[in-house]
Amino acid sequence: NNKTNEVKMFSVFRDTLLDLGGDVGLDKVTHAYFYGGAGDTLKALNKNMDLNIDRVVVINWKTVAEIIDTLGGIKIDVQESEIEEMNKYIPGTAKTTGSEEKLIEQPGKQKLNGAQAVTYARIRKDAATGDYRRNERMKIVMKKTFKKAKKADLLTLKEICDNAFPQA
């Protein structure tokens, strides 16, 4: 919102069935991106949810991990029920993102590096609350990253821009 300088964030479950239009018809919202990228996803969300979103930002997980690492990590309260799934996927995420592979040793508030934070956001299984919590975790990671970036110095922000924009 240009008047209030606010950004609103919401989540839609990836398996939500929406009318994707054209020859596709009813399908999972995640497939809209596969079929036509961010533009088709935006059209499907606007049409089916009576929204008027006119801008979208697409960021890949490698970029998110790099931004978090550049910021020196983010503090997250990791639940006991999330540790096993996180540790299962941290090695692969670290390899893909180029971030340090460091497993989670205990629950509680702790500083996560890029691979840990991305894995935290992406895990689908959680003994406590399942996929609903996945959407919450994604928002937690994004909010904490934005909050920390707001406090970063100009050199750090320049480094983030120089590294992130070519990948987005």
# chains A, B, ... in the order shown; residues from 1 in each chain; ligands from 1
call {"tool": "residues_around", "arguments": {"residues": "region 9-12 of chain A", "least_positions_apart": "3", "cutoff": "8 Å", "atoms": "only C-alpha atoms", "output": "ChimeraX atom specification"}}
result
/A:16,135,139
call {"tool": "residues_around", "arguments": {"residues": "Leu45 (chain A)", "least_positions_apart": "3", "cutoff": "12 Å", "atoms": "only C-alpha atoms", "output": "ChimeraX atom specification"}}
result
/A:10-14,16-21,28-30,32-33,38-42,48-54,56
call {"tool": "atom_distance", "arguments": {"atom1": "CA of Leu26 (chain A)", "atom2": "CA of Asn60 (chain A)"}}
result
26.1 Å
call {"tool": "closest_residue", "arguments": {"among": "A:Met138, A:Ile76, A:Glu82, A:Ala115", "to": "Lys95 (chain A)", "atoms": "only C-alpha atoms"}}
result
A:Ala115
call {"tool": "atom_distance", "arguments": {"atom1": "CA of Ala44 (chain A)", "atom2": "CA of Asn2 (chain A)"}}
result
23.7 Å
call {"tool": "select_by_dssp", "arguments": {"residues": "chain A", "states": "alpha helix (DSSP H)", "output": "PyMOL selection string"}}
result
chain A and resi 29-49+61-70+80-97+114-122+131-150+154-164
call {"tool": "residues_around", "arguments": {"residues": "Leu112 (chain A)", "least_positions_apart": "4", "cutoff": "10 Å", "atoms": "only C-alpha atoms", "output": "list of chain:residue names"}}
result
A:Ile68, A:Asp69, A:Gly72, A:Gly73, A:Ile74, A:Lys75, A:Ile76, A:Asp77, A:Val78, A:Lys102, A:Leu103, A:Ile104, A:Gln116, A:Ala117, A:Val118, A:Thr119, A:Tyr120, A:Val141
call {"tool": "select_by_dssp", "arguments": {"residues": "chain A", "states": "strand (DSSP E or B)", "output": "MDAnalysis selection string"}}
result
chainID A and resid 17:19 26:28 74:78 108:112
call {"tool": "residues_around", "arguments": {"residues": "Glu159 (chain A)", "least_positions_apart": "3", "cutoff": "12 Å", "atoms": "only C-alpha atoms", "output": "list of chain:residue names"}}
result
A:Glu66, A:Ile67, A:Ile68, A:Asp69, A:Thr70, A:Leu71, A:Ala149, A:Ala152, A:Asp153, A:Leu154, A:Leu155, A:Thr156, A:Asp162, A:Asn163, A:Ala164, A:Phe165, A:Pro166
call {"tool": "residues_around", "arguments": {"residues": "Gln106 (chain A)", "least_positions_apart": "6", "cutoff": "10 Å", "atoms": "only C-alpha atoms", "output": "ChimeraX atom specification"}}
result
/A:78-80,83
call {"tool": "closest_residue", "arguments": {"among": "A:Ser81, A:Val7, A:Gly36, A:Asp131", "to": "Val57 (chain A)", "atoms": "only C-alpha atoms"}}
result
A:Val7
call {"tool": "atom_distance", "arguments": {"atom1": "CA of Gln110 (chain A)", "atom2": "CA of Cys161 (chain A)"}}
result
25.9 Å
call {"tool": "decode", "arguments": {"residues": "region 101-123 of chain A", "atoms": "N, CA, C and O atoms", "output": "PDB file, in the first residue's frame"}}
result
ATOM      1  N   GLU A 101      25.591 -26.551   6.789  1.00  0.00           N
ATOM      2  CA  GLU A 101      24.762 -27.658   7.278  1.00  0.00           C
ATOM      3  C   GLU A 101      24.962 -27.800   8.779  1.00  0.00           C
ATOM      4  O   GLU A 101      26.014 -28.193   9.249  1.00  0.00           O
ATOM      5  N   LYS A 102      23.945 -27.403   9.526  1.00  0.00           N
ATOM      6  CA  LYS A 102      24.018 -27.483  10.983  1.00  0.00           C
ATOM      7  C   LYS A 102      22.664 -27.964  11.491  1.00  0.00           C
ATOM      8  O   LYS A 102      21.648 -27.297  11.282  1.00  0.00           O
ATOM      9  N   LEU A 103      22.650 -29.136  12.128  1.00  0.00           N
ATOM     10  CA  LEU A 103      21.406 -29.716  12.615  1.00  0.00           C
ATOM     11  C   LEU A 103      20.919 -29.004  13.876  1.00  0.00           C
ATOM     12  O   LEU A 103      21.686 -28.349  14.573  1.00  0.00           O
ATOM     13  N   ILE A 104      19.643 -29.168  14.151  1.00  0.00           N
ATOM     14  CA  ILE A 104      19.020 -28.584  15.334  1.00  0.00           C
ATOM     15  C   ILE A 104      19.191 -29.573  16.486  1.00  0.00           C
ATOM     16  O   ILE A 104      18.836 -30.746  16.369  1.00  0.00           O
ATOM     17  N   GLU A 105      19.719 -29.117  17.598  1.00  0.00           N
ATOM     18  CA  GLU A 105      20.010 -30.003  18.721  1.00  0.00           C
ATOM     19  C   GLU A 105      18.936 -30.000  19.797  1.00  0.00           C
ATOM     20  O   GLU A 105      18.792 -30.983  20.525  1.00  0.00           O
ATOM     21  N   GLN A 106      18.196 -28.897  19.914  1.00  0.00           N
ATOM     22  CA  GLN A 106      17.192 -28.820  20.968  1.00  0.00           C
ATOM     23  C   GLN A 106      16.102 -27.829  20.575  1.00  0.00           C
ATOM     24  O   GLN A 106      16.318 -26.966  19.722  1.00  0.00           O
ATOM     25  N   PRO A 107      14.924 -27.949  21.212  1.00  0.00           N
ATOM     26  CA  PRO A 107      13.862 -26.979  20.931  1.00  0.00           C
ATOM     27  C   PRO A 107      14.141 -25.656  21.636  1.00  0.00           C
ATOM     28  O   PRO A 107      15.053 -25.555  22.466  1.00  0.00           O
ATOM     29  N   GLY A 108      13.370 -24.658  21.284  1.00  0.00           N
ATOM     30  CA  GLY A 108      13.461 -23.354  21.934  1.00  0.00           C
ATOM     31  C   GLY A 108      13.936 -22.270  20.988  1.00  0.00           C
ATOM     32  O   GLY A 108      14.217 -22.523  19.819  1.00  0.00           O
ATOM     33  N   LYS A 109      13.998 -21.049  21.522  1.00  0.00           N
ATOM     34  CA  LYS A 109      14.454 -19.904  20.723  1.00  0.00           C
ATOM     35  C   LYS A 109      15.922 -20.048  20.421  1.00  0.00           C
ATOM     36  O   LYS A 109      16.732 -20.299  21.310  1.00  0.00           O
ATOM     37  N   GLN A 110      16.252 -19.891  19.132  1.00  0.00           N
ATOM     38  CA  GLN A 110      17.636 -20.007  18.704  1.00  0.00           C
ATOM     39  C   GLN A 110      17.830 -19.302  17.377  1.00  0.00           C
ATOM     40  O   GLN A 110      16.878 -19.080  16.641  1.00  0.00           O
ATOM     41  N   LYS A 111      19.080 -18.959  17.099  1.00  0.00           N
ATOM     42  CA  LYS A 111      19.394 -18.307  15.835  1.00  0.00           C
ATOM     43  C   LYS A 111      19.559 -19.377  14.764  1.00  0.00           C
ATOM     44  O   LYS A 111      20.365 -20.295  14.904  1.00  0.00           O
ATOM     45  N   LEU A 112      18.779 -19.257  13.684  1.00  0.00           N
ATOM     46  CA  LEU A 112      18.863 -20.197  12.566  1.00  0.00           C
ATOM     47  C   LEU A 112      19.617 -19.557  11.415  1.00  0.00           C
ATOM     48  O   LEU A 112      19.435 -18.373  11.126  1.00  0.00           O
ATOM     49  N   ASN A 113      20.458 -20.344  10.759  1.00  0.00           N
ATOM     50  CA  ASN A 113      21.121 -19.857   9.552  1.00  0.00           C
ATOM     51  C   ASN A 113      20.169 -20.030   8.370  1.00  0.00           C
ATOM     52  O   ASN A 113      19.019 -20.468   8.531  1.00  0.00           O
ATOM     53  N   GLY A 114      20.632 -19.707   7.181  1.00  0.00           N
ATOM     54  CA  GLY A 114      19.774 -19.757   6.001  1.00  0.00           C
ATOM     55  C   GLY A 114      19.179 -21.125   5.730  1.00  0.00           C
ATOM     56  O   GLY A 114      17.968 -21.258   5.514  1.00  0.00           O
ATOM     57  N   ALA A 115      19.991 -22.170   5.739  1.00  0.00           N
ATOM     58  CA  ALA A 115      19.489 -23.528   5.464  1.00  0.00           C
ATOM     59  C   ALA A 115      18.507 -23.976   6.533  1.00  0.00           C
ATOM     60  O   ALA A 115      17.477 -24.589   6.231  1.00  0.00           O
ATOM     61  N   GLN A 116      18.804 -23.687   7.773  1.00  0.00           N
ATOM     62  CA  GLN A 116      17.906 -24.072   8.859  1.00  0.00           C
ATOM     63  C   GLN A 116      16.566 -23.341   8.747  1.00  0.00           C
ATOM     64  O   GLN A 116      15.506 -23.946   8.902  1.00  0.00           O
ATOM     65  N   ALA A 117      16.604 -22.030   8.483  1.00  0.00           N
ATOM     66  CA  ALA A 117      15.377 -21.236   8.400  1.00  0.00           C
ATOM     67  C   ALA A 117      14.517 -21.662   7.215  1.00  0.00           C
ATOM     68  O   ALA A 117      13.291 -21.770   7.334  1.00  0.00           O
ATOM     69  N   VAL A 118      15.151 -21.912   6.064  1.00  0.00           N
ATOM     70  CA  VAL A 118      14.397 -22.361   4.890  1.00  0.00           C
ATOM     71  C   VAL A 118      13.780 -23.728   5.157  1.00  0.00           C
ATOM     72  O   VAL A 118      12.616 -23.969   4.831  1.00  0.00           O
ATOM     73  N   THR A 119      14.537 -24.613   5.772  1.00  0.00           N
ATOM     74  CA  THR A 119      14.003 -25.935   6.092  1.00  0.00           C
ATOM     75  C   THR A 119      12.848 -25.804   7.080  1.00  0.00           C
ATOM     76  O   THR A 119      11.805 -26.455   6.924  1.00  0.00           O
ATOM     77  N   TYR A 120      13.002 -24.976   8.070  1.00  0.00           N
ATOM     78  CA  TYR A 120      11.937 -24.714   9.048  1.00  0.00           C
ATOM     79  C   TYR A 120      10.657 -24.281   8.332  1.00  0.00           C
ATOM     80  O   TYR A 120       9.572 -24.775   8.631  1.00  0.00           O
ATOM     81  N   ALA A 121      10.785 -23.376   7.386  1.00  0.00           N
ATOM     82  CA  ALA A 121       9.618 -22.866   6.667  1.00  0.00           C
ATOM     83  C   ALA A 121       8.975 -23.916   5.776  1.00  0.00           C
ATOM     84  O   ALA A 121       7.762 -23.915   5.589  1.00  0.00           O
ATOM     85  N   ARG A 122       9.753 -24.820   5.248  1.00  0.00           N
ATOM     86  CA  ARG A 122       9.254 -25.728   4.212  1.00  0.00           C
ATOM     87  C   ARG A 122       8.776 -27.090   4.697  1.00  0.00           C
ATOM     88  O   ARG A 122       8.092 -27.784   3.949  1.00  0.00           O
ATOM     89  N   ILE A 123       9.155 -27.499   5.909  1.00  0.00           N
ATOM     90  CA  ILE A 123       8.754 -28.853   6.313  1.00  0.00           C
ATOM     91  C   ILE A 123       7.235 -28.991   6.293  1.00  0.00           C
ATOM     92  O   ILE A 123       6.512 -28.080   6.672  1.00  0.00           O
TER      93      ILE A 123
END
